[in-house]
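Novice: My structure is in upload.cif, and what it holds is mmCIF, C-alpha atoms:
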```cif
data_work
loop_
_atom_site.label_atom_id
_atom_site.label_comp_id
_atom_site.auth_asym_id
_atom_site.auth_seq_id
_atom_site.Cartn_x
_atom_site.Cartn_y
_atom_site.Cartn_z
CA MET R 1 99.12 96.58 140.33
CA SER R 2 101.32 94.09 142.15
CA TYR R 3 104.56 92.85 140.64
CA ASP R 4 103.10 89.35 140.49
CA THR R 5 100.22 90.47 138.33
CA ARG R 6 100.65 89.24 134.79
CA ILE R 7 99.56 90.96 131.62
CA GLN R 8 98.06 88.14 129.61
CA THR R 9 98.27 88.15 125.86
CA GLY R 10 95.24 85.89 125.54
CA ILE R 11 97.23 83.61 123.23
CA THR R 12 96.69 79.96 124.03
CA GLY R 13 99.98 78.45 125.09
CA PHE R 14 102.03 81.66 124.85
CA ASP R 15 100.96 82.98 128.26
CA THR R 16 102.04 79.65 129.73
CA MET R 17 105.46 80.05 128.07
CA LEU R 18 105.71 83.49 129.71
CA GLY R 19 104.93 82.11 133.16
CA GLY R 20 101.39 83.50 133.08
CA GLY R 21 101.90 86.57 130.88
CA TYR R 22 104.15 89.60 130.58
CA LEU R 23 105.19 91.48 133.69
CA PRO R 24 103.39 94.82 133.95
CA ASN R 25 105.09 98.02 132.81
CA THR R 26 107.71 96.21 130.75
CA THR R 27 108.96 96.41 127.17
CA ASN R 28 108.66 93.18 125.18
CA LEU R 29 110.17 92.43 121.81
CA ILE R 30 108.69 90.07 119.21
CA GLU R 31 111.08 89.45 116.33
CA GLY R 32 110.57 87.47 113.19
CA PRO R 33 110.56 87.29 109.40
CA PRO R 34 107.78 88.74 107.21
CA GLY R 35 104.39 87.06 107.42
CA CYS R 36 105.21 84.93 110.44
CA GLY R 37 102.58 86.53 112.71
CA LYS R 38 104.25 89.40 114.59
CA SER R 39 101.49 91.93 113.97
CA THR R 40 98.80 89.32 114.60
CA LEU R 41 100.39 88.49 117.94
CA GLY R 42 100.52 92.19 118.76
CA MET R 43 96.91 92.81 117.77
CA GLN R 44 95.83 89.81 119.83
CA PHE R 45 97.66 91.28 122.84
CA ILE R 46 95.82 94.58 122.37
CA TYR R 47 92.46 92.93 121.68
CA HIS R 48 92.68 90.67 124.72
CA GLY R 49 93.43 93.68 126.89
CA ALA R 50 90.44 95.58 125.51
CA GLN R 51 88.24 92.57 126.21
CA GLN R 52 89.43 92.74 129.83
CA GLY R 53 88.64 96.45 129.98
CA GLU R 54 92.27 97.56 129.53
CA PRO R 55 92.44 100.22 126.83
CA GLY R 56 95.26 99.88 124.33
CA ILE R 57 97.04 101.80 121.58
CA ILE R 58 98.51 100.59 118.33
CA LEU R 59 101.25 102.93 117.16
CA THR R 60 102.07 102.31 113.53
CA PHE R 61 104.84 103.92 111.50
CA GLU R 62 103.92 102.51 108.12
CA ALA R 63 100.74 100.43 107.76
CA LEU R 64 97.60 102.57 107.70
CA PRO R 65 95.05 102.04 110.51
CA GLU R 66 92.67 100.74 107.84
CA THR R 67 95.02 97.75 107.43
CA TYR R 68 94.68 96.85 111.11
CA TYR R 69 90.88 97.13 111.02
CA GLN R 70 90.84 94.71 108.08
CA MET R 71 93.39 92.27 109.56
CA ALA R 72 91.55 92.26 112.88
CA ALA R 73 88.17 91.72 111.22
CA ALA R 74 89.52 88.49 109.69
CA PHE R 75 89.75 87.14 113.26
CA GLY R 76 86.38 88.56 114.28
CA TRP R 77 87.97 91.38 116.29
CA ASP R 78 85.98 94.57 115.75
CA PHE R 79 88.62 97.27 116.16
CA ARG R 80 86.31 100.05 114.93
CA ARG R 81 83.83 99.24 117.68
CA LEU R 82 86.62 99.18 120.26
CA GLU R 83 87.69 102.63 119.06
CA GLN R 84 84.13 103.90 119.42
CA GLU R 85 84.04 102.48 122.94
CA GLY R 86 87.31 104.24 123.84
CA LEU R 87 89.18 100.96 124.33
CA LEU R 88 91.51 101.34 121.35
CA LYS R 89 93.26 103.92 119.23
CA VAL R 90 95.22 103.07 116.11
CA ILE R 91 97.61 105.98 115.66
CA ILE R 92 99.71 106.48 112.56
CA THR R 93 102.69 108.74 113.02
CA SER R 94 106.41 108.90 112.33
CA PRO R 95 109.25 107.84 114.64
CA GLU R 96 110.69 111.38 114.86
CA VAL R 97 107.35 112.86 115.93
CA THR R 98 106.83 110.07 118.47
CA GLN R 99 110.27 110.46 120.02
CA ILE R 100 110.14 114.23 120.41
CA ASP R 101 106.48 114.31 121.45
CA LEU R 102 107.16 111.82 124.26
CA GLU R 103 110.19 113.79 125.44
CA HIS R 104 108.01 116.81 126.19
CA ALA R 105 105.42 117.05 128.96
CA ASN R 106 101.78 117.26 127.88
CA GLY R 107 102.51 115.94 124.41
CA VAL R 108 99.80 114.53 122.18
CA LEU R 109 100.69 110.90 122.95
CA GLU R 110 100.99 111.46 126.68
CA HIS R 111 97.64 113.22 126.65
CA THR R 112 96.05 110.39 124.63
CA ILE R 113 97.41 107.72 127.00
CA ALA R 114 96.13 109.62 130.03
CA GLN R 115 92.75 110.36 128.45
CA MET R 116 92.19 106.71 127.53
CA ASP R 117 93.85 105.38 130.68
CA ALA R 118 95.69 103.09 128.27
CA LYS R 119 97.62 100.17 129.73
CA ARG R 120 98.93 98.41 126.64
CA ILE R 121 100.70 99.64 123.54
CA LEU R 122 101.82 97.89 120.38
CA ILE R 123 104.67 99.52 118.44
CA ASP R 124 104.48 98.10 114.93
CA SER R 125 107.25 98.13 114.09
CA VAL R 126 110.32 99.21 116.00
CA THR R 127 112.34 98.40 112.87
CA HIS R 128 111.01 101.59 111.28
CA TYR R 129 111.79 103.47 114.45
CA GLU R 130 115.41 102.23 114.49
CA SER R 131 115.88 102.94 110.82
CA ALA R 132 114.36 106.42 110.91
CA MET R 133 116.08 107.51 114.11
CA ALA R 134 119.47 106.40 112.85
CA HIS R 135 119.12 108.92 110.01
CA SER R 136 116.92 111.59 111.56
CA PRO R 137 118.33 115.12 111.59
CA ASN R 138 115.51 116.15 113.96
CA ALA R 139 116.29 113.69 116.71
CA ALA R 140 120.10 113.54 116.72
CA PRO R 141 120.93 116.88 118.36
CA LYS R 142 118.48 116.22 121.17
CA SER R 143 120.16 112.97 122.02
CA LYS R 144 123.63 114.49 121.98
CA VAL R 145 122.43 117.12 124.42
CA SER R 146 121.01 114.43 126.67
CA LEU R 147 124.29 112.50 126.49
CA MET R 148 126.23 115.61 127.49
CA ALA R 149 123.78 116.30 130.31
CA ARG R 150 124.55 112.82 131.62
CA GLY R 151 128.24 113.60 131.59
CA THR R 152 129.01 111.49 128.55
CA PRO R 153 131.09 113.36 125.97
CA ALA R 154 128.93 113.50 122.86
CA PRO R 155 131.81 114.04 120.39
CA GLY R 156 133.35 110.75 121.40
CA ALA R 157 130.10 108.83 121.47
CA SER R 158 129.72 106.35 118.67
CA GLU R 159 126.66 106.46 116.44
CA LYS R 160 125.55 103.13 117.89
CA PHE R 161 125.77 104.54 121.39
CA VAL R 162 123.67 107.56 120.43
CA GLU R 163 121.08 105.30 118.79
CA ARG R 164 120.99 103.03 121.81
CA ASP R 165 120.59 106.03 124.12
CA ARG R 166 117.69 107.29 122.00
CA LEU R 167 116.00 103.88 121.96
CA TYR R 168 116.50 103.54 125.71
CA SER R 169 114.91 106.95 126.22
CA PHE R 170 111.96 106.05 123.96
CA LEU R 171 111.24 102.77 125.77
CA ASN R 172 111.60 104.42 129.16
CA ALA R 173 109.13 107.11 128.12
CA LEU R 174 106.56 104.36 127.51
CA LYS R 175 107.36 102.81 130.90
CA ARG R 176 106.98 106.22 132.51
CA GLN R 177 103.43 106.26 131.16
CA GLY R 178 102.77 102.93 132.91
CA MET R 179 102.42 101.03 129.67
CA THR R 180 103.12 97.38 129.00
CA THR R 181 104.71 97.60 125.59
CA LEU R 182 104.95 95.07 122.81
CA LEU R 183 107.38 95.90 120.00
CA THR R 184 107.56 94.02 116.72
CA ARG R 185 110.86 93.85 114.86
CA GLU R 186 111.58 92.48 111.42
CA THR R 187 114.26 90.03 110.43
CA THR R 188 115.02 89.79 106.75
CA PHE R 189 116.00 86.15 106.57
CA LEU R 190 113.22 83.62 106.16
CA PHE R 191 115.02 80.57 107.48
CA GLY R 192 117.96 80.20 109.80
CA ASP R 193 120.36 83.00 110.57
CA GLU R 194 122.19 83.51 107.31
CA GLU R 195 122.96 87.18 107.84
CA GLY R 196 124.15 86.77 111.39
CA PHE R 197 122.67 88.42 114.44
CA SER R 198 121.40 91.89 113.61
CA GLY R 199 121.14 93.68 116.91
CA GLY R 200 120.77 97.22 115.57
CA ALA R 201 121.22 99.63 118.45
CA GLY R 202 121.22 96.82 121.00
CA ILE R 203 117.46 96.57 121.46
CA HIS R 204 117.72 92.95 122.60
CA PHE R 205 119.68 94.08 125.63
CA ILE R 206 117.39 96.99 126.49
CA VAL R 207 114.01 95.25 126.37
CA ASP R 208 112.68 93.20 129.27
CA SER R 209 111.65 90.20 127.21
CA TYR R 210 112.60 88.84 123.81
CA THR R 211 110.54 86.33 121.85
CA MET R 212 111.59 85.03 118.47
CA LEU R 213 109.27 83.74 115.76
CA ARG R 214 110.77 81.54 113.07
CA TYR R 215 109.93 79.53 110.01
CA VAL R 216 111.30 76.01 110.07
CA GLU R 217 111.24 73.41 107.34
CA ILE R 218 110.31 69.91 108.45
CA MET R 219 109.56 67.09 106.05
CA SER R 220 109.14 69.47 103.09
CA ALA R 221 106.60 71.59 104.97
CA VAL R 222 107.05 75.06 106.45
CA ARG R 223 106.05 75.31 110.10
CA ARG R 224 106.15 78.23 112.49
CA ALA R 225 108.21 78.14 115.70
CA ILE R 226 108.19 80.39 118.76
CA ILE R 227 110.77 80.64 121.54
CA VAL R 228 111.08 82.95 124.53
CA LEU R 229 114.79 83.76 124.73
CA LYS R 230 114.74 86.29 127.54
CA MET R 231 112.36 87.41 130.25
CA ARG R 232 113.86 89.69 132.86
CA GLY R 233 112.61 89.00 136.38
CA SER R 234 110.71 85.86 135.54
CA ALA R 235 111.19 82.21 134.74
CA HIS R 236 109.95 81.21 131.30
CA ASP R 237 109.58 78.20 129.07
CA SER R 238 112.77 77.46 127.15
CA ALA R 239 111.23 75.01 124.68
CA ILE R 240 110.91 75.76 120.99
CA ARG R 241 107.22 75.37 120.33
CA GLN R 242 105.19 75.10 117.20
CA PHE R 243 102.43 77.62 116.58
CA GLU R 244 99.72 78.13 114.03
CA ILE R 245 97.52 81.02 113.02
CA ASP R 246 93.90 80.01 112.76
CA ALA R 247 90.54 81.78 113.04
CA ARG R 248 91.29 82.59 116.70
CA GLY R 249 94.70 84.16 116.00
CA LEU R 250 97.92 82.59 117.22
CA VAL R 251 97.71 79.21 118.91
CA VAL R 252 100.90 77.88 120.52
CA MET R 253 101.19 74.14 120.63
CA ALA R 254 103.55 71.47 121.98
CA PRO R 255 107.33 71.68 121.58
CA PHE R 256 108.83 70.17 118.44
CA GLU R 257 109.81 66.63 119.27
CA GLY R 258 112.65 64.55 117.88
CA GLN R 259 114.20 67.50 116.03
CA GLU R 260 117.36 69.46 116.60
CA GLY R 261 118.81 72.49 114.85
CA LEU R 262 115.36 74.11 114.65
CA MET R 263 116.80 77.61 114.85
CA SER R 264 118.90 76.92 111.77
CA GLY R 265 115.63 76.69 109.85
CA THR R 266 116.42 73.21 108.58
CA PRO R 267 116.34 70.83 111.55
CA LYS R 268 117.47 67.24 111.51
CA ARG R 269 115.95 64.27 113.18
CA MET R 270 117.75 63.73 116.41
CA ALA R 271 118.53 60.06 115.90
CA ALA R 272 120.34 60.71 112.62
CA SER R 273 122.49 63.45 114.07
CA PHE R 274 123.28 61.36 117.12
CA ILE R 275 124.52 58.59 114.85
CA LYS R 276 126.50 61.08 112.80
CA ALA R 277 128.16 62.55 115.87
CA PHE R 278 128.86 59.51 117.94
CA VAL R 279 128.55 56.36 115.87
CA ARG R 280 130.13 57.08 112.48
CA LYS R 281 133.15 58.70 114.10
CA MET I 1 69.13 106.59 77.29
CA LYS I 2 69.35 110.03 78.82
CA MET I 3 72.32 111.96 77.49
CA HIS I 4 74.29 114.11 79.86
CA THR I 5 76.48 116.97 78.85
CA LEU I 6 79.05 118.66 81.02
CA ASN I 7 76.64 121.58 81.33
CA THR I 8 74.15 119.38 83.14
CA ARG I 9 76.93 118.52 85.62
CA VAL I 10 77.26 122.02 86.97
CA PRO I 11 77.33 122.07 90.74
CA GLN I 12 73.86 123.62 90.94
CA ASP I 13 72.32 120.14 90.81
CA LEU I 14 74.33 119.02 93.81
CA ASP I 15 72.89 118.81 97.29
CA PRO I 16 73.21 122.38 98.63
CA ASP I 17 75.06 121.28 101.77
CA LEU I 18 77.53 119.23 99.75
CA LEU I 19 77.95 122.05 97.25
CA ASP I 20 78.68 124.42 100.12
CA PHE I 21 81.20 121.93 101.54
CA LEU I 22 82.88 121.49 98.17
CA THR I 23 83.06 125.23 97.59
CA THR I 24 84.44 125.96 101.03
CA TYR I 25 86.88 123.11 101.64
CA VAL I 26 87.55 121.09 98.51
CA ASP I 27 89.15 123.20 95.83
CA SER I 28 91.83 120.64 94.92
CA PHE I 29 92.24 116.91 94.63
CA ILE I 30 94.90 116.94 97.37
CA LYS I 31 92.41 118.48 99.83
CA TRP I 32 89.82 115.89 98.78
CA GLU I 33 92.34 113.09 99.46
CA LEU I 34 93.37 114.63 102.76
CA LEU I 35 89.78 114.90 103.96
CA LEU I 36 89.16 111.25 103.13
CA PHE I 37 92.50 110.25 104.66
CA PHE I 38 91.80 111.95 107.99
CA HIS I 39 88.25 110.62 107.99
CA GLN I 40 89.49 107.04 107.50
CA ASN I 41 92.50 107.46 109.80
CA PRO I 42 91.22 109.85 112.47
CA ASN I 43 94.13 109.25 114.85
CA THR I 44 96.79 110.43 112.44
CA PHE I 45 99.47 112.52 114.12
CA ASP I 46 102.22 113.45 111.71
CA THR I 47 104.08 116.08 109.76
CA ALA I 48 103.33 117.15 106.20
CA GLU I 49 106.25 114.99 105.09
CA GLY I 50 104.84 111.90 106.82
CA ILE I 51 101.31 112.49 105.54
CA ALA I 52 102.63 113.11 102.02
CA ARG I 53 104.35 109.71 102.22
CA TYR I 54 101.09 107.97 103.21
CA LEU I 55 99.30 109.61 100.28
CA GLY I 56 102.16 109.21 97.82
CA ARG I 57 101.97 112.94 97.06
CA ASP I 58 104.40 115.83 96.86
CA LYS I 59 105.30 117.22 100.28
CA GLU I 60 104.91 120.90 99.28
CA ASP I 61 101.44 120.31 97.82
CA VAL I 62 100.38 118.45 100.94
CA GLN I 63 101.83 121.15 103.20
CA ASP I 64 99.78 123.84 101.42
CA ALA I 65 96.60 121.79 101.67
CA LEU I 66 97.19 120.97 105.36
CA SER I 67 97.72 124.67 106.14
CA PHE I 68 94.44 125.46 104.34
CA LEU I 69 92.49 122.79 106.23
CA LYS I 70 94.01 124.01 109.48
CA ALA I 71 93.01 127.61 108.68
CA HIS I 72 89.46 126.39 107.95
CA GLY I 73 89.11 124.61 111.29
CA LEU I 74 89.33 121.00 110.15
CA LEU I 75 92.80 120.24 111.51
CA ASP I 76 94.93 121.30 114.43
CA GLU I 77 98.61 122.11 114.18
CA VAL I 78 100.91 120.80 116.92
CA VAL I 79 104.47 122.02 117.44
CA VAL I 80 106.73 119.01 118.02
CA GLY I 81 110.30 120.17 118.58
CA ASN I 82 111.18 121.99 115.38
CA MET I 83 108.45 120.22 113.40
CA LEU I 84 104.77 120.89 112.78
CA ALA I 85 102.45 117.92 113.09
CA TYR I 86 98.76 117.75 112.16
CA VAL I 87 95.85 116.10 113.95
CA LEU I 88 92.13 116.05 113.29
CA LYS I 89 90.36 118.84 115.15
CA PRO I 90 87.60 117.57 117.43
CA ASN I 91 84.70 119.50 115.89
CA ALA I 92 81.52 117.42 115.72
CA GLU I 93 79.71 119.75 113.31
CA LEU I 94 82.55 119.80 110.80
CA GLN I 95 83.16 116.07 111.16
CA ASP I 96 79.49 115.46 110.34
CA LYS I 97 79.97 117.43 107.14
CA VAL I 98 83.10 115.42 106.29
CA GLN I 99 81.16 112.23 107.01
CA LYS I 100 78.39 113.31 104.64
CA PHE I 101 80.95 114.22 101.97
CA THR I 102 82.74 110.89 102.40
CA GLU I 103 79.50 108.95 102.06
CA ALA I 104 78.58 110.98 98.99
CA THR I 105 81.90 110.11 97.32
CA ASN I 106 80.82 106.47 97.27
CA ASP I 107 78.31 107.52 94.60
CA ARG I 108 79.82 107.56 91.12
CA GLU I 109 77.49 110.34 89.90
CA PHE I 110 78.43 112.57 92.81
CA ARG I 111 82.12 111.97 92.14
CA ARG I 112 81.65 113.00 88.49
CA LYS I 113 79.95 116.20 89.53
CA ALA I 114 82.53 116.93 92.21
CA VAL I 115 85.41 116.31 89.82
CA TYR I 116 83.80 118.64 87.30
CA HIS I 117 83.45 121.24 90.02
CA LEU I 118 87.16 120.92 90.76
CA ILE I 119 88.42 121.12 87.21
CA ARG I 120 86.23 124.17 86.51
CA LYS I 121 87.96 126.11 89.26
#
```
Go through the file and emit its structure as C-alpha cells.
Specialist:
Amino acid sequence: MSYDTRIQTGITGFDTMLGGGYLPNTTNLIEGPPGCGKSTLGMQFIYHGAQQGEPGIILTFEALPETYYQMAAAFGWDFRRLEQEGLLKVIITSPEVTQIDLEHANGVLEHTIAQMDAKRILIDSVTHYESAMAHSPNAAPKSKVSLMARGTPAPGASEKFVERDRLYSFLNALKRQGMTTLLTRETTFLFGDEEGFSGGAGIHFIVDSYTMLRYVEIMSAVRRAIIVLKMRGSAHDSAIRQFEIDARGLVVMAPFEGQEGLMSGTPKRMAASFIKAFVRK
Amino acid sequence: MKMHTLNTRVPQDLDPDLLDFLTTYVDSFIKWELLLFFHQNPNTFDTAEGIARYLGRDKEDVQDALSFLKAHGLLDEVVVGNMLAYVLKPNAELQDKVQKFTEATNDREFRRKAVYHLIRK
C-alpha cells in the first residue's frame, strides 16, 4: 500500500476534510461528548471498509456486541452477515487482557487479525482503556520493566509517564499489525470546555490524527460540529463543519457561517462580536 | 383448560437431545446464562472477572462455571500474562447443540421445564 493511499471512512464530507481519508497504518482519535456520534462514526468506518473488501474488527471494552449489531441495523448495516462472511469481528474484552495479549507473540488478537487479514480496527472506547490501565495491577509491572529496559529509571518515572508509555506501546502494537486504527474517547462536558483540557496520558500527542465532535447551541437549537485538529503527515480541512446523523450515518456538511466561538459551545454572531470588540470600545 | 402440575413438568417430556444437553451442561443458572452469553457474543475474550461484570454476577460463581464449561469442551482457556481468559471453543457439533438449546429457550414452556429441571437438582 503506498503512502498516498487513503483509508476512506465512507462518510460524506469527512473524507474530504481528511484530504481523502486517513493515512494507512495510523492511529486516529475521535473525541466527543456522549451521544454525539463517536461510535456511529467508528462503525461507519468499519462498515465502509468491509464493503470495500477490507475486513475490520470492533474491540469493545464495555458495550456488548449485541449493541453494535442493533445500532448498525438501524442504518441498514448487517453486521451479523459481515461476521458470517469473515469481514467483521466484534470482540468484547478487557483493556488488561488486550494489552498483555498484544505484547506477546501469537496472542489471540494477533492470530485473529492475521486470520481475517484485518485492515481496520475500532477501539470503542479508549477512555475505558486509559481508566483501567491507570489502575491495573496486572499491567503496571510489565510497563515498569519495559521502561527499565529502555534505560529509563522506573522508580523516578511519574505515573503519567508510565501510563503514556503503556498507551504508546498499545497503539504501536496495532500499527505493528498493519492496522488503521480509530479510537473513540469520551469527554464529559456537553458544551464548551468547562472542565479544561483533559489529556489523560497524553493520547492527543501520541495519535496521528485528532478529530473533535462537539455540540453547539445556535438559535436555541443544538447542532453537532466536527473539526479535524491534527493530522500528522497530511494537510486537512481546518473549518468547523456541521454534521448530522441520518439514515445513512454521519453526513458532514458546510462550515458554520457567520458564527464565532463555536468551540465554546455557545457561539455568537460574528457581526455582534465585531461591534463589541471594535465599535463600542 | 388443561391443568399442569409440577409432576407433569419432569424432564422426561423434554426433547431427548435437549434433556441430554441440560443434564450434561446446564446444572445451574450461571451456566445457562454463560451458554447464552457466549452464543450471542461468540468473540468474547476475557477473564472470569470481566465476564462476571458483563453478566452482573459474582466473580467466583462465574469462575466455577467457566472452569466447568472448559472441562466439558465448550470453552478454551487462554493464559494471558498472569491471567486466564476464556474464548468459545470452535467445535461445530457442540455449537449446534448450544444453538438448539438457545432456540428452545425462546419457548416459554421449554423454559419452565428447564427451570424445573434446574431447581430439582
Novice: Under the rule that only C-alpha atoms are counted, which of R:Ser94, R:Tyr68, R:Gly13, R:Thr5 is the nearest residue to chain I?
Specialist: R:Ser94
Novice: Can you tell me, as AutoDock Vina command-line options, the centre and edge lengths (Å, one decimal) of the axis-aligned box enclosing all of segment 237-256 of chain R's listed atoms after padding each side by 4 Å?
Specialist:
```
--center_x 101.7 --center_y 77.2 --center_z 120.9 --size_x 30.2 --size_y 22.0 --size_z 24.3
```
Novice: When distances are computed from all atoms listed in the file, which of I:Tyr86, I:Trp32, I:Phe101, I:Phe110 shows the smallest separation from chain R?
Specialist: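 So, comparing all the options, the nearest one is I:Tyr86.
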Novice: Given the file above and the PyMOL selection byres ((chain R) within 9 of (chain I)), which residues are selected, and can you give them as a count of residues only?
Specialist: 19
Novice: Run the PyMOL selection byres ((chain R and resi 24) around 10) on the file and write out the hits as JSON, numbers by chain.
Specialist: {"R": [1, 2, 3, 4, 5, 6, 7, 8, 21, 22, 23, 25, 26, 27, 119, 120, 175, 178, 179, 180, 181]}
Novice: Quick one, how far is atom CA of Leu88 of chain R from atom CA of Glu103 of chain R?
Specialist: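 Atom CA of Glu103 of chain R lies 22.8 Å from atom CA of Leu88 of chain R.
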Novice: Can I get C-alpha atoms for segment 150-240 of chain R, as a compact mmCIF listing (two decimals), in the first residue's frame?
Specialist:
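Result written to selection22.txt:
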```
# COMPACT_ATOMS: atom_id res chain seq x y z
CA ARG R 150 14.76 1.30 27.68
CA GLY R 151 17.15 2.80 30.20
CA THR R 152 14.55 4.94 31.91
CA PRO R 153 14.64 4.60 35.69
CA ALA R 154 11.23 3.24 36.65
CA PRO R 155 11.32 4.44 40.29
CA GLY R 156 11.59 8.02 39.14
CA ALA R 157 9.02 7.72 36.39
CA SER R 158 5.79 9.52 37.10
CA GLU R 159 2.50 7.66 36.90
CA LYS R 160 1.57 9.75 33.87
CA PHE R 161 4.78 8.74 32.14
CA VAL R 162 4.11 5.05 32.82
CA GLU R 163 0.55 5.41 31.51
CA ARG R 164 1.75 7.22 28.42
CA ASP R 165 4.39 4.55 27.80
CA ARG R 166 1.73 1.85 28.09
CA LEU R 167 -0.63 3.66 25.73
CA TYR R 168 2.20 4.24 23.26
CA SER R 169 3.04 0.54 23.38
CA PHE R 170 -0.62 -0.43 22.84
CA LEU R 171 -1.05 1.85 19.82
CA ASN R 172 2.25 0.72 18.34
CA ALA R 173 1.18 -2.91 18.71
CA LEU R 174 -1.82 -2.14 16.50
CA LYS R 175 0.43 -0.40 13.97
CA ARG R 176 2.75 -3.40 14.03
CA GLN R 177 -0.22 -5.48 12.90
CA GLY R 178 -0.69 -3.13 9.92
CA MET R 179 -3.97 -1.79 11.19
CA THR R 180 -5.52 1.59 10.57
CA THR R 181 -6.98 2.31 13.98
CA LEU R 182 -9.86 4.52 15.02
CA LEU R 183 -10.16 5.22 18.74
CA THR R 184 -13.16 6.85 20.36
CA ARG R 185 -12.69 8.88 23.53
CA GLU R 186 -15.30 10.40 25.79
CA THR R 187 -15.48 13.95 27.05
CA THR R 188 -17.78 14.56 29.97
CA PHE R 189 -18.82 18.11 29.17
CA LEU R 190 -21.72 18.57 26.78
CA PHE R 191 -20.97 22.11 25.67
CA GLY R 192 -17.79 24.11 25.63
CA ASP R 193 -14.75 23.20 27.66
CA GLU R 194 -15.83 23.83 31.21
CA GLU R 195 -13.54 21.27 32.80
CA GLY R 196 -10.49 22.30 30.86
CA PHE R 197 -8.47 20.11 28.54
CA SER R 198 -8.39 16.54 29.79
CA GLY R 199 -5.45 14.95 28.08
CA GLY R 200 -5.20 11.82 30.25
CA ALA R 201 -1.90 10.13 29.50
CA GLY R 202 -1.21 12.44 26.56
CA ILE R 203 -3.11 10.48 23.93
CA HIS R 204 -3.60 13.59 21.80
CA PHE R 205 0.14 13.81 21.31
CA ILE R 206 0.63 10.11 20.56
CA VAL R 207 -2.08 9.59 17.94
CA ASP R 208 -1.59 10.52 14.30
CA SER R 209 -4.86 12.37 13.90
CA TYR R 210 -7.30 14.01 16.26
CA THR R 211 -10.89 14.88 15.39
CA MET R 212 -13.25 16.53 17.83
CA LEU R 213 -17.03 16.24 17.81
CA ARG R 214 -18.99 18.90 19.68
CA TYR R 215 -22.48 20.03 20.49
CA VAL R 216 -23.07 23.71 19.80
CA GLU R 217 -26.11 25.79 20.61
CA ILE R 218 -27.26 28.12 17.85
CA MET R 219 -30.54 29.99 17.93
CA SER R 220 -31.94 27.78 20.72
CA ALA R 221 -31.19 24.60 18.78
CA VAL R 222 -28.47 22.02 19.44
CA ARG R 223 -26.31 21.26 16.41
CA ARG R 224 -23.37 18.94 16.00
CA ALA R 225 -19.93 20.21 14.95
CA ILE R 226 -16.84 18.37 13.72
CA ILE R 227 -13.28 19.66 13.40
CA VAL R 228 -10.03 17.96 12.45
CA LEU R 229 -7.45 19.44 14.82
CA LYS R 230 -4.45 17.35 13.88
CA MET R 231 -3.40 15.08 11.05
CA ARG R 232 0.24 14.08 11.05
CA GLY R 233 1.79 13.94 7.58
CA SER R 234 -1.17 15.41 5.75
CA ALA R 235 -2.94 18.67 5.09
CA HIS R 236 -6.51 18.76 6.36
CA ASP R 237 -9.54 21.00 6.46
CA SER R 238 -9.41 23.43 9.36
CA ALA R 239 -13.03 24.54 9.17
CA ILE R 240 -15.56 23.73 11.87
```
